[in-house]
file entry.tsv (TSV, C-alpha atoms)
chain	number	residue	atom	x	y	z
A	1	MET	CA	0.00	0.00	0.00
A	2	LYS	CA	2.77	2.42	0.94
A	3	ALA	CA	4.59	1.63	-2.28
A	4	CYS	CA	1.42	2.28	-4.27
A	5	ALA	CA	0.84	5.56	-2.52
A	6	ARG	CA	4.44	6.58	-3.13
A	7	PHE	CA	4.11	5.67	-6.81
A	8	LEU	CA	0.93	7.73	-7.17
A	9	ARG	CA	2.57	10.74	-5.55
A	10	SER	CA	5.55	10.58	-7.89
A	11	GLU	CA	3.88	10.23	-11.29
A	12	ASP	CA	1.76	12.56	-13.43
A	13	LEU	CA	-1.07	10.19	-14.28
A	14	PHE	CA	-4.40	12.01	-14.47
A	15	ALA	CA	-4.86	15.14	-16.52
A	16	ARG	CA	-7.04	18.07	-15.55
A	17	ASP	CA	-7.78	19.87	-18.78
A	18	VAL	CA	-7.75	23.65	-18.86
A	19	ALA	CA	-9.40	25.58	-21.68
A	20	TRP	CA	-7.28	28.00	-23.67
A	21	GLY	CA	-7.16	31.38	-21.98
A	22	SER	CA	-8.52	30.05	-18.69
A	23	ALA	CA	-6.77	29.84	-15.35
A	24	ALA	CA	-6.79	26.81	-13.09
A	25	ALA	CA	-6.09	26.45	-9.39
A	26	PHE	CA	-3.09	24.19	-8.87
A	27	GLY	CA	-0.56	23.90	-6.09
A	28	GLY	CA	-2.14	26.79	-4.22
A	29	SER	CA	-1.84	29.23	-7.15
A	30	GLU	CA	-3.72	30.14	-10.33
A	31	TRP	CA	-2.02	28.94	-13.52
A	32	ARG	CA	-2.71	30.27	-17.02
A	33	LEU	CA	-0.98	29.39	-20.28
A	34	VAL	CA	-0.27	32.67	-22.07
A	35	GLU	CA	1.56	31.53	-25.17
A	36	LEU	CA	2.79	28.44	-26.95
A	37	LYS	CA	5.10	29.34	-29.82
A	38	GLY	CA	7.68	27.65	-31.98
A	39	GLY	CA	10.63	28.45	-34.17
A	40	LYS	CA	13.16	26.64	-36.34
A	41	ASP	CA	16.07	28.99	-36.90
A	42	PHE	CA	18.25	28.16	-33.93
A	43	ALA	CA	21.77	26.80	-34.04
A	44	GLY	CA	22.13	23.39	-32.53
A	45	LEU	CA	18.61	22.21	-33.33
A	46	PRO	CA	18.83	18.70	-34.77
A	47	PRO	CA	17.39	18.11	-38.25
A	48	GLY	CA	13.61	18.00	-38.28
A	49	ALA	CA	13.33	19.63	-34.86
A	50	VAL	CA	11.46	22.74	-33.76
A	51	ALA	CA	12.10	24.88	-30.70
A	52	VAL	CA	8.92	25.45	-28.68
A	53	GLU	CA	8.45	27.96	-25.87
A	54	ALA	CA	5.60	27.70	-23.34
A	55	ASP	CA	4.86	30.86	-21.34
A	56	PHE	CA	2.66	30.95	-18.23
A	57	GLU	CA	1.28	33.58	-15.86
A	58	VAL	CA	0.86	32.34	-12.32
A	59	MET	CA	-0.87	34.27	-9.57
A	60	VAL	CA	0.62	33.10	-6.31
A	61	GLY	CA	-1.90	32.11	-3.66
A	62	ASP	CA	-0.16	29.96	-1.07
A	63	ALA	CA	3.35	31.44	-0.88
A	64	ASP	CA	4.84	28.19	0.43
A	65	LEU	CA	6.13	27.46	-3.06
A	66	GLU	CA	9.02	25.27	-1.94
A	67	ASN	CA	6.56	22.71	-0.67
A	68	ARG	CA	3.52	23.29	-2.90
A	69	TRP	CA	5.59	23.43	-6.10
A	70	SER	CA	8.25	20.87	-5.20
A	71	ARG	CA	9.32	18.67	-8.12
A	72	CYS	CA	7.69	21.12	-10.48
A	73	LYS	CA	7.64	19.76	-14.01
A	74	VAL	CA	6.61	21.75	-17.06
A	75	MET	CA	6.29	19.52	-20.10
A	76	LEU	CA	4.80	19.12	-23.54
A	77	VAL	CA	2.58	16.10	-24.15
A	78	ASP	CA	0.87	14.68	-27.20
A	79	THR	CA	-2.04	12.32	-27.74
A	80	GLU	CA	0.25	9.29	-28.11
A	81	GLY	CA	1.68	9.48	-24.63
A	82	HIS	CA	4.96	11.18	-25.53
A	83	THR	CA	6.43	13.68	-23.11
A	84	TRP	CA	9.03	16.33	-23.81
A	85	LEU	CA	10.89	17.90	-20.92
A	86	PRO	CA	12.57	21.35	-20.99
A	87	ALA	CA	15.80	21.65	-22.92
A	88	SER	CA	18.19	24.54	-23.36
A	89	ILE	CA	18.52	25.82	-26.89
A	90	ALA	CA	21.50	27.84	-28.07
A	91	GLY	CA	20.35	31.28	-29.16
A	92	LEU	CA	16.97	31.12	-27.43
A	93	ARG	CA	16.67	32.92	-24.12
A	94	LEU	CA	13.55	33.57	-22.11
A	95	PRO	CA	12.38	37.20	-22.10
A	96	GLU	CA	13.46	39.53	-19.33
A	97	GLY	CA	11.58	38.90	-16.12
A	98	MET	CA	10.60	35.39	-17.06
A	99	MET	CA	11.91	32.45	-15.07
A	100	GLY	CA	11.72	28.69	-14.96
A	101	CYS	CA	9.49	26.86	-12.54
A	102	ASN	CA	12.26	25.69	-10.26
A	103	SER	CA	13.70	29.21	-10.05
A	104	ALA	CA	10.27	30.54	-9.19
A	105	MET	CA	10.06	28.20	-6.21
A	106	PHE	CA	12.92	30.05	-4.56
A	107	SER	CA	12.03	33.53	-5.78
A	108	GLY	CA	10.49	34.61	-2.50
A	109	ALA	CA	7.23	35.45	-4.25
A	110	LYS	CA	4.41	36.49	-1.95
A	111	SER	CA	0.69	35.82	-2.11
A	112	GLY	CA	-0.83	38.01	-4.81
A	113	ASP	CA	2.33	38.25	-6.91
A	114	VAL	CA	2.05	37.36	-10.59
A	115	LEU	CA	4.98	35.32	-11.84
A	116	LYS	CA	5.90	34.91	-15.48
A	117	LEU	CA	7.17	31.39	-16.08
A	118	GLY	CA	8.57	29.94	-19.26
A	119	GLU	CA	10.31	26.84	-20.53
A	120	THR	CA	11.81	25.84	-23.88
A	121	PHE	CA	11.63	22.47	-25.55
A	122	ILE	CA	13.00	20.62	-28.56
A	123	VAL	CA	10.30	18.64	-30.37
A	124	PRO	CA	10.07	16.95	-33.77
A	125	GLY	CA	8.44	19.12	-36.40
A	126	TYR	CA	5.67	16.58	-37.10
A	127	ALA	CA	4.55	16.68	-33.46
A	128	THR	CA	4.00	20.44	-33.15
A	129	SER	CA	0.39	20.36	-34.35
A	130	GLY	CA	-0.70	18.07	-31.53
A	131	ILE	CA	1.43	19.01	-28.53
A	132	ARG	CA	-0.09	20.59	-25.43
A	133	ALA	CA	1.60	22.26	-22.49
A	134	ALA	CA	1.25	20.55	-19.12
A	135	VAL	CA	2.34	21.20	-15.53
A	136	GLY	CA	2.92	18.73	-12.72
A	137	LEU	CA	3.59	19.64	-9.07
A	138	GLY	CA	4.62	17.42	-6.20
A	139	SER	CA	1.71	18.55	-4.02
A	140	GLU	CA	-0.86	17.69	-6.70
A	141	ARG	CA	0.42	14.39	-8.13
A	142	PRO	CA	-0.96	12.10	-9.54
A	143	TYR	CA	-2.95	14.95	-11.12
A	144	TYR	CA	-1.45	17.40	-13.57
A	145	LEU	CA	-2.75	20.35	-15.58
A	146	ARG	CA	-3.00	20.02	-19.34
A	147	PHE	CA	-3.69	23.22	-21.27
A	148	ALA	CA	-5.61	23.39	-24.50
A	149	ARG	CA	-3.83	24.87	-27.51
A	150	PRO	CA	-4.80	28.21	-28.89
A	151	SER	CA	-7.17	27.67	-31.78
A	152	ALA	CA	-5.53	28.20	-35.16
B	1	MET	CA	7.53	-44.49	18.53
B	2	THR	CA	6.29	-44.29	14.95
B	3	SER	CA	4.70	-40.94	15.71
B	4	ALA	CA	7.92	-39.64	17.22
B	5	ALA	CA	9.96	-40.84	14.25
B	6	GLY	CA	7.51	-39.18	11.89
B	7	ASN	CA	7.76	-35.90	13.79
B	8	ILE	CA	11.55	-36.06	13.65
B	9	LEU	CA	11.41	-36.68	9.93
B	10	VAL	CA	9.09	-33.75	9.34
B	11	ALA	CA	11.27	-31.50	11.47
B	12	ALA	CA	14.39	-32.61	9.60
B	13	ALA	CA	12.69	-32.01	6.26
B	14	GLY	CA	11.70	-28.54	7.44
B	15	VAL	CA	15.24	-27.74	8.51
B	16	ALA	CA	16.61	-29.01	5.22
B	17	PHE	CA	14.10	-26.95	3.28
B	18	CYS	CA	14.95	-23.80	5.22
B	19	TYR	CA	18.66	-24.41	4.70
B	20	VAL	CA	18.20	-24.79	0.94
B	21	MET	CA	16.15	-21.59	0.85
B	22	MET	CA	18.83	-19.77	2.82
B	23	VAL	CA	21.79	-20.80	0.66
B	24	SER	CA	19.90	-20.28	-2.59
B	25	LYS	CA	18.60	-16.82	-1.73
B	26	PRO	CA	19.80	-14.32	-4.38
B	27	HIS	CA	22.17	-11.60	-3.32
B	28	TYR	CA	20.51	-8.22	-2.86
B	29	ALA	CA	22.53	-6.83	-5.74
B	30	ASP	CA	21.09	-9.51	-8.01
B	31	LEU	CA	17.56	-8.85	-6.81
B	32	VAL	CA	17.74	-5.22	-7.88
B	33	ALA	CA	20.10	-5.66	-10.84
B	34	PRO	CA	19.29	-4.03	-14.18
B	35	ILE	CA	16.98	-6.04	-16.40
B	36	PRO	CA	18.91	-7.18	-19.48
B	37	VAL	CA	17.64	-6.51	-22.98
B	38	ARG	CA	19.71	-8.63	-25.36
B	39	ALA	CA	20.18	-7.89	-29.04
B	40	ALA	CA	22.49	-8.75	-31.89
B	41	ILE	CA	24.66	-6.09	-33.47
B	42	THR	CA	22.29	-5.78	-36.43
B	43	GLU	CA	19.15	-5.31	-34.33
B	44	THR	CA	17.53	-2.34	-32.63
B	45	ALA	CA	17.40	-3.02	-28.91
B	46	LYS	CA	14.30	-1.68	-27.19
B	47	ALA	CA	14.95	-0.70	-23.59
B	48	ARG	CA	12.36	0.86	-21.30
B	49	SER	CA	13.18	4.50	-22.05
B	50	PHE	CA	15.35	4.32	-25.18
B	51	GLU	CA	16.13	2.34	-28.30
B	52	VAL	CA	19.65	1.74	-29.58
B	53	LYS	CA	21.27	0.18	-32.61
B	54	VAL	CA	24.98	-0.21	-33.16
B	55	GLU	CA	25.97	1.29	-36.49
B	56	LYS	CA	29.73	0.97	-36.53
B	57	VAL	CA	32.66	-0.02	-34.34
B	58	THR	CA	35.99	1.60	-35.17
B	59	PHE	CA	39.35	0.91	-33.55
B	60	ALA	CA	41.94	3.66	-33.52
B	61	ARG	CA	45.49	4.12	-32.30
B	62	THR	CA	44.98	7.81	-31.44
B	63	LEU	CA	41.98	10.02	-30.74
B	64	GLN	CA	41.68	13.65	-31.73
B	65	ALA	CA	39.44	15.59	-29.37
B	66	GLU	CA	38.65	19.25	-28.93
B	67	ARG	CA	39.36	20.73	-25.52
B	68	PHE	CA	38.67	24.41	-24.79
B	69	GLY	CA	38.93	25.27	-28.47
B	70	ALA	CA	42.20	23.41	-29.07
B	71	HIS	CA	42.65	20.04	-30.72
B	72	LYS	CA	44.37	17.44	-28.57
B	73	LEU	CA	45.73	14.06	-29.53
B	74	LEU	CA	45.02	11.29	-27.03
B	75	THR	CA	47.36	8.32	-27.27
B	76	THR	CA	47.01	5.00	-25.49
B	77	GLY	CA	49.04	1.91	-24.66
B	78	GLY	CA	46.11	-0.14	-25.95
B	79	VAL	CA	43.55	0.80	-28.59
B	80	TRP	CA	40.58	3.13	-28.68
B	81	ALA	CA	37.25	1.53	-29.51
B	82	ILE	CA	34.70	4.02	-30.84
B	83	VAL	CA	31.15	2.68	-31.06
B	84	ALA	CA	28.72	4.73	-33.16
B	85	VAL	CA	25.08	4.06	-32.28
B	86	ASP	CA	21.68	5.40	-33.26
B	87	LEU	CA	19.76	6.37	-30.14
B	88	SER	CA	16.18	7.47	-29.65
B	89	ALA	CA	13.88	8.07	-26.71
B	90	THR	CA	10.76	5.91	-26.59
B	91	GLN	CA	8.12	7.83	-24.66
B	92	ALA	CA	9.71	10.72	-22.78
B	93	SER	CA	12.82	12.89	-22.81
B	94	THR	CA	15.64	10.92	-21.28
B	95	THR	CA	19.40	10.70	-20.97
B	96	VAL	CA	21.69	7.80	-21.83
B	97	GLY	CA	25.06	8.23	-20.23
B	98	GLU	CA	26.53	4.88	-19.32
B	99	ALA	CA	28.16	2.21	-21.45
B	100	VAL	CA	30.52	-0.63	-20.67
B	101	TRP	CA	32.69	-2.71	-23.01
B	102	ARG	CA	32.75	-6.22	-21.54
B	103	GLY	CA	35.54	-8.23	-23.12
B	104	ALA	CA	35.52	-11.94	-23.79
B	105	THR	CA	37.62	-12.45	-20.65
B	106	GLY	CA	34.87	-10.89	-18.54
B	107	LEU	CA	36.80	-7.71	-17.82
B	108	SER	CA	34.71	-4.54	-18.08
B	109	TYR	CA	35.80	-1.18	-19.43
B	110	ARG	CA	33.65	1.87	-18.77
B	111	ILE	CA	33.44	4.72	-21.25
B	112	SER	CA	36.64	6.72	-21.18
B	113	GLU	CA	36.66	9.94	-19.18
B	114	ARG	CA	39.78	11.11	-21.00
B	115	VAL	CA	37.74	12.16	-24.00
B	116	GLY	CA	35.76	14.78	-22.08
B	117	PHE	CA	32.47	16.21	-23.29
B	118	GLY	CA	31.37	17.29	-26.71
B	119	PRO	CA	28.76	16.88	-29.42
B	120	GLY	CA	28.12	13.18	-29.92
B	121	LEU	CA	29.71	12.21	-26.60
B	122	PRO	CA	27.88	11.11	-23.45
B	123	PRO	CA	25.66	11.97	-21.70
B	124	HIS	CA	23.28	11.80	-24.65
B	125	ALA	CA	20.09	13.83	-24.22
B	126	LEU	CA	17.27	12.18	-26.16
B	127	GLU	CA	13.89	13.53	-27.23
B	128	PRO	CA	10.98	11.38	-28.47
B	129	GLY	CA	10.77	11.43	-32.25
B	130	LEU	CA	14.30	12.79	-32.72
B	131	PRO	CA	16.77	9.92	-33.16
B	132	ARG	CA	20.42	10.86	-33.04
B	133	ARG	CA	23.80	9.38	-33.78
B	134	ALA	CA	25.97	9.08	-30.67
B	135	LEU	CA	29.41	7.81	-29.75
B	136	PHE	CA	30.74	5.74	-26.90
B	137	VAL	CA	34.52	5.68	-26.57
B	138	PHE	CA	36.50	3.02	-24.72
B	139	GLU	CA	40.20	2.50	-24.04
B	140	LEU	CA	41.16	-1.16	-23.84
B	141	PRO	CA	43.86	-3.74	-24.51
B	142	PRO	CA	43.86	-4.97	-28.12
B	143	SER	CA	43.13	-8.51	-26.98
B	144	GLU	CA	39.76	-7.38	-25.58
B	145	ALA	CA	38.60	-6.07	-28.94
B	146	THR	CA	37.16	-9.36	-30.10
B	147	GLY	CA	34.20	-11.27	-28.73
B	148	ALA	CA	33.01	-8.34	-26.63
B	149	THR	CA	29.57	-7.33	-25.40
B	150	LEU	CA	28.40	-3.72	-25.24
B	151	LEU	CA	26.27	-2.79	-22.21
B	152	ILE	CA	24.25	0.44	-22.39
B	153	SER	CA	22.03	1.95	-19.71
B	154	GLY	CA	20.64	5.32	-18.75
B	155	GLY	CA	22.98	5.78	-15.82
B	156	ARG	CA	25.66	3.99	-13.86
B	157	PHE	CA	23.18	2.88	-11.22
B	158	ALA	CA	20.06	1.55	-12.85
B	159	PRO	CA	18.36	-0.85	-10.41
B	160	LEU	CA	15.48	-2.71	-12.03
B	161	ASP	CA	15.79	-0.57	-15.15
B	162	SER	CA	16.73	-1.81	-18.61
B	163	GLN	CA	20.31	-2.51	-19.58
B	164	VAL	CA	20.92	-3.26	-23.23
B	165	LYS	CA	23.43	-6.01	-23.98
B	166	ILE	CA	24.68	-6.23	-27.58
B	167	ARG	CA	27.14	-8.89	-28.68
B	168	LEU	CA	29.67	-7.19	-30.92
B	169	GLY	CA	31.05	-10.39	-32.42
B	170	ASP	CA	34.53	-11.42	-33.42
B	171	VAL	CA	37.12	-8.95	-34.69
B	172	PRO	CA	40.01	-10.20	-36.83
B	173	LEU	CA	43.38	-9.51	-35.19
B	174	ASP	CA	46.70	-9.18	-37.00
B	175	GLU	CA	50.03	-10.82	-36.07
B	176	ALA	CA	50.63	-8.13	-33.47
B	177	GLY	CA	47.34	-8.99	-31.83
B	178	GLU	CA	45.72	-5.69	-32.84
B	179	PRO	CA	42.48	-5.25	-34.77
B	180	ASP	CA	43.07	-5.69	-38.48
B	181	ASP	CA	41.29	-2.46	-39.41
B	182	LEU	CA	42.98	-0.25	-36.84
B	183	VAL	CA	43.01	3.39	-38.01
B	184	GLY	CA	45.63	5.96	-37.19
B	185	ILE	CA	43.58	8.88	-35.88
B	186	TYR	CA	39.89	9.17	-35.10
B	187	ASP	CA	38.45	12.67	-34.63
B	188	VAL	CA	35.65	12.56	-32.06
B	189	SER	CA	35.02	16.29	-32.29
B	190	GLU	CA	33.51	16.17	-35.77
B	191	PRO	CA	29.74	16.72	-35.71
B	192	ILE	CA	27.71	13.64	-36.54
B	193	GLY	CA	24.11	12.92	-37.36
B	194	VAL	CA	21.81	10.00	-37.96
B	195	GLY	CA	22.81	8.25	-41.15
B	196	ASP	CA	26.12	10.06	-41.45
B	197	GLU	CA	29.20	8.02	-42.15
B	198	ARG	CA	31.99	9.22	-39.90
B	199	SER	CA	34.74	10.91	-41.86
B	200	GLY	CA	36.94	11.34	-38.82
B	201	ALA	CA	38.80	8.07	-39.20
B	202	ARG	CA	42.11	8.13	-41.01
B	203	ARG	CA	44.37	5.15	-41.75
B	204	SER	CA	47.70	4.61	-40.05
B	205	GLY	CA	50.39	6.90	-41.47
B	206	ASP	CA	47.87	9.46	-42.69
B	207	ARG	CA	48.48	11.99	-39.93
B	208	THR	CA	47.25	15.55	-40.30
B	209	ALA	CA	47.52	16.78	-36.70
B	210	HIS	CA	50.51	17.33	-34.47
B	211	SER	CA	50.82	16.01	-30.94
B	212	GLY	CA	50.26	18.67	-28.28

call {"tool": "encode", "arguments": {"input": "entry.tsv", "output": "structure tokens"}}
result
Amino acid sequence: MKACARFLRSEDLFARDVAWGSAAAFGGSEWRLVELKGGKDFAGLPPGAVAVEADFEVMVGDADLENRWSRCKVMLVDTEGHTWLPASIAGLRLPEGMMGCNSAMFSGAKSGDVLKLGETFIVPGYATSGIRAAVGLGSERPYYLRFARPSA
Amino acid sequence: MTSAAGNILVAAAGVAFCYVMMVSKPHYADLVAPIPVRAAITETAKARSFEVKVEKVTFARTLQAERFGAHKLLTTGGVWAIVAVDLSATQASTTVGEAVWRGATGLSYRISERVGFGPGLPPHALEPGLPRRALFVFELPPSEATGATLLISGGRFAPLDSQVKIRLGDVPLDEAGEPDDLVGIYDVSEPIGVGDERSGARRSGDRTAHSG
């Protein structure tokens, strides 16, 4: 039983879908996907790959981020069960004021603050039409947020 | 009397059974050992988080590697074995960073740390849907070149995770006991990609770099 409970708390298994443009309560804060954009012209991208950036706005509720957001994982998922984790891309930097999820945990943000979070990914070009941004937090596992794509 | 003898027999059988269980109990290391995934050199091995296929094994007398912008020549008292593989992630982003060359004698040689880091060298970051060509470099005695098995796993400690085992087969050795097709210099700093034939290998006597 303990092993099962530990497994459930360590895996992102059940998606909570969030409509495009909407915010969802998760890990004591309100999460909203602001932008999902891609580009190809970056040095170091392997052939057939696209760089994708996912930008979020998060209104902090419970400021105990180190516990509520522990093992924060921002990812891209598709309908076939593939998962892409953040990767650094030469020539692509996050905009000023934007930070990664793990940096945000230790930012000292207070309740009511709005944080701008972003992560970059390397995905195959054929997968870009179906990928969706997702967020998993230690305090919410086995549930994770899965954001709808902006309509074309 | 018969009842007592029967009881003694049952007790003795119980003791014998417990003893057999005790001496045959697997070592803890074996209980949590990596789970082998065996494949031939021509096959794609499917591990839990990655797939791998050996494309080419090259033996070289000297390696050329790039360190802090300068080319360095790495010599050895044995031979360098450079294994080019095609790697891909199965379901999720992952990293493959550990490989071992297990010779026919049973001796194991981990990937060489002398080569440092660089494009095509471990650890190899893999993304689903984006296969890549990767290198594993070993330094070993010439006699261990033949009849070896390549072991590949995500990390050095992979309890209960997949470990790919690929038999590399026999390698013809010359009179000196070195691989027949030993090249002079192999450049590991050249960029590589899936399907590319390495152009970094040059035959003995065809030197174009100077020792540092």

call {"tool": "closest_atom_pairs", "arguments": {"input": "entry.tsv", "of": "chain A", "to": "chain B", "cutoff": "8 Å", "atoms": "all atoms listed in the file", "output": "CSV"}}
result
residue,atom,partner,partner_atom,distance
A:Pro46,CA,B:Leu130,CA,7.7
A:Gly48,CA,B:Leu130,CA,7.7
A:Ala49,CA,B:Leu130,CA,7.2
A:Gly81,CA,B:Gln91,CA,6.6
A:His82,CA,B:Gln91,CA,4.7
A:Thr83,CA,B:Ala92,CA,4.4
A:Trp84,CA,B:Ser93,CA,5.2
A:Leu85,CA,B:Ser93,CA,5.7
A:Ile122,CA,B:Glu127,CA,7.3
A:Val123,CA,B:Glu127,CA,7.0
A:Pro124,CA,B:Gly129,CA,5.8

call {"tool": "atom_distance", "arguments": {"input": "entry.tsv", "atom1": "CA of Pro141 (chain B)", "atom2": "CA of Val52 (chain B)"}}
result
25.3 Å

call {"tool": "closest_residue", "arguments": {"input": "entry.tsv", "among": "B:Leu87, B:Leu9, B:Ala65, B:Val115", "to": "Glu190 (chain B)", "atoms": "only C-alpha atoms"}}
result
B:Ala65

call {"tool": "atom_distance", "arguments": {"input": "entry.tsv", "atom1": "CA of Trp69 (chain A)", "atom2": "CA of Arg156 (chain B)"}}
result
29.0 Å

call {"tool": "residues_around", "arguments": {"input": "entry.tsv", "residues": "Phe26 (chain A)", "least_positions_apart": "4", "cutoff": "8 Å", "atoms": "all atoms listed in the file", "output": "PyMOL selection string"}}
result
chain A and resi 30-31+140+145

call {"tool": "residues_around", "arguments": {"input": "entry.tsv", "residues": "Phe121 (chain A)", "least_positions_apart": "6", "cutoff": "12 Å", "atoms": "only C-alpha atoms", "output": "VMD selection string"}}
result
(chain A and resid 36 to 40 45 49 to 55 74 to 77 83 to 90 92 to 94 128 131 to 133) or (chain B and resid 93 126 to 128)

call {"tool": "closest_residue", "arguments": {"input": "entry.tsv", "among": "A:Leu33, A:Val135, A:Ala5, A:Ala25", "to": "Gly61 (chain A)", "atoms": "only C-alpha atoms"}}
result
A:Ala25

call {"tool": "atom_distance", "arguments": {"input": "entry.tsv", "atom1": "CA of Val100 (chain B)", "atom2": "CA of Asp30 (chain B)"}}
result
18.1 Å

call {"tool": "closest_residue", "arguments": {"input": "entry.tsv", "among": "B:Thr62, B:Pro142, B:Asp86, B:Thr105", "to": "Glu43 (chain B)", "atoms": "all atoms listed in the file"}}
result
B:Asp86

call {"tool": "residues_around", "arguments": {"input": "entry.tsv", "residues": "Leu137 (chain A)", "least_positions_apart": "2", "cutoff": "8 Å", "atoms": "only C-alpha atoms", "output": "NGL selection string"}}
result
:A and (27 or 68-73 or 135 or 139-141 or 144)

call {"tool": "closest_residue", "arguments": {"input": "entry.tsv", "among": "B:Lys53, B:Arg48, B:Arg38, B:Lys25", "to": "Ala84 (chain B)", "atoms": "all atoms listed in the file"}}
result
B:Lys53

call {"tool": "closest_residue", "arguments": {"input": "entry.tsv", "among": "B:Val15, B:Phe117, B:Gly154, B:His27", "to": "Arg67 (chain B)", "atoms": "all atoms listed in the file"}}
result
B:Phe117

call {"tool": "residues_around", "arguments": {"input": "entry.tsv", "residues": "Gly91 (chain A)", "least_positions_apart": "6", "cutoff": "10 Å", "atoms": "all atoms listed in the file", "output": "mmCIF file with C-alpha atoms, in the frame of the given file"}}
result
data_model
loop_
_atom_site.group_PDB
_atom_site.id
_atom_site.type_symbol
_atom_site.label_atom_id
_atom_site.label_comp_id
_atom_site.auth_asym_id
_atom_site.auth_seq_id
_atom_site.Cartn_x
_atom_site.Cartn_y
_atom_site.Cartn_z
ATOM 1 C CA ASP A 41 16.070 28.990 -36.900
ATOM 2 C CA PHE A 42 18.250 28.160 -33.930
ATOM 3 C CA ALA A 43 21.770 26.800 -34.040
ATOM 4 C CA GLY A 44 22.130 23.390 -32.530
#

call {"tool": "residues_around", "arguments": {"input": "entry.tsv", "residues": "region 68-78 of chain B", "least_positions_apart": "6", "cutoff": "12 Å", "atoms": "only C-alpha atoms", "output": "count of residues only"}}
result
38

call {"tool": "residues_near_point", "arguments": {"input": "entry.tsv", "point": "(34.7, -12.0, -22.1)", "cutoff": "8 Å", "atoms": "all atoms listed in the file", "output": "ChimeraX atom specification"}}
result
/B:102-107,144,147-149

call {"tool": "decode", "arguments": {"input": "entry.tsv", "residues": "region 3-46 of chain A", "atoms": "C-alpha atoms", "output": "mmCIF file, in the first residue's frame"}}
result
data_model
loop_
_atom_site.group_PDB
_atom_site.id
_atom_site.type_symbol
_atom_site.label_atom_id
_atom_site.label_comp_id
_atom_site.auth_asym_id
_atom_site.auth_seq_id
_atom_site.Cartn_x
_atom_site.Cartn_y
_atom_site.Cartn_z
ATOM 1 C CA ALA A 3 4.591 1.625 -2.278
ATOM 2 C CA CYS A 4 1.418 2.276 -4.271
ATOM 3 C CA ALA A 5 0.843 5.562 -2.518
ATOM 4 C CA ARG A 6 4.438 6.576 -3.131
ATOM 5 C CA PHE A 7 4.105 5.672 -6.806
ATOM 6 C CA LEU A 8 0.929 7.728 -7.174
ATOM 7 C CA ARG A 9 2.568 10.742 -5.555
ATOM 8 C CA SER A 10 5.547 10.575 -7.886
ATOM 9 C CA GLU A 11 3.878 10.233 -11.291
ATOM 10 C CA ASP A 12 1.761 12.562 -13.435
ATOM 11 C CA LEU A 13 -1.067 10.186 -14.278
ATOM 12 C CA PHE A 14 -4.396 12.007 -14.468
ATOM 13 C CA ALA A 15 -4.859 15.136 -16.524
ATOM 14 C CA ARG A 16 -7.036 18.069 -15.552
ATOM 15 C CA ASP A 17 -7.784 19.871 -18.777
ATOM 16 C CA VAL A 18 -7.754 23.646 -18.858
ATOM 17 C CA ALA A 19 -9.399 25.577 -21.681
ATOM 18 C CA TRP A 20 -7.280 27.998 -23.665
ATOM 19 C CA GLY A 21 -7.157 31.385 -21.977
ATOM 20 C CA SER A 22 -8.525 30.053 -18.686
ATOM 21 C CA ALA A 23 -6.768 29.843 -15.348
ATOM 22 C CA ALA A 24 -6.787 26.811 -13.090
ATOM 23 C CA ALA A 25 -6.092 26.447 -9.391
ATOM 24 C CA PHE A 26 -3.094 24.189 -8.869
ATOM 25 C CA GLY A 27 -0.557 23.897 -6.086
ATOM 26 C CA GLY A 28 -2.140 26.791 -4.223
ATOM 27 C CA SER A 29 -1.842 29.229 -7.151
ATOM 28 C CA GLU A 30 -3.720 30.137 -10.333
ATOM 29 C CA TRP A 31 -2.020 28.943 -13.518
ATOM 30 C CA ARG A 32 -2.706 30.268 -17.024
ATOM 31 C CA LEU A 33 -0.977 29.393 -20.281
ATOM 32 C CA VAL A 34 -0.272 32.666 -22.071
ATOM 33 C CA GLU A 35 1.557 31.534 -25.170
ATOM 34 C CA LEU A 36 2.789 28.438 -26.952
ATOM 35 C CA LYS A 37 5.100 29.342 -29.821
ATOM 36 C CA GLY A 38 7.676 27.648 -31.981
ATOM 37 C CA GLY A 39 10.634 28.453 -34.172
ATOM 38 C CA LYS A 40 13.156 26.640 -36.335
ATOM 39 C CA ASP A 41 16.067 28.992 -36.900
ATOM 40 C CA PHE A 42 18.255 28.159 -33.931
ATOM 41 C CA ALA A 43 21.775 26.798 -34.042
ATOM 42 C CA GLY A 44 22.130 23.387 -32.525
ATOM 43 C CA LEU A 45 18.608 22.206 -33.331
ATOM 44 C CA PRO A 46 18.827 18.703 -34.772
#
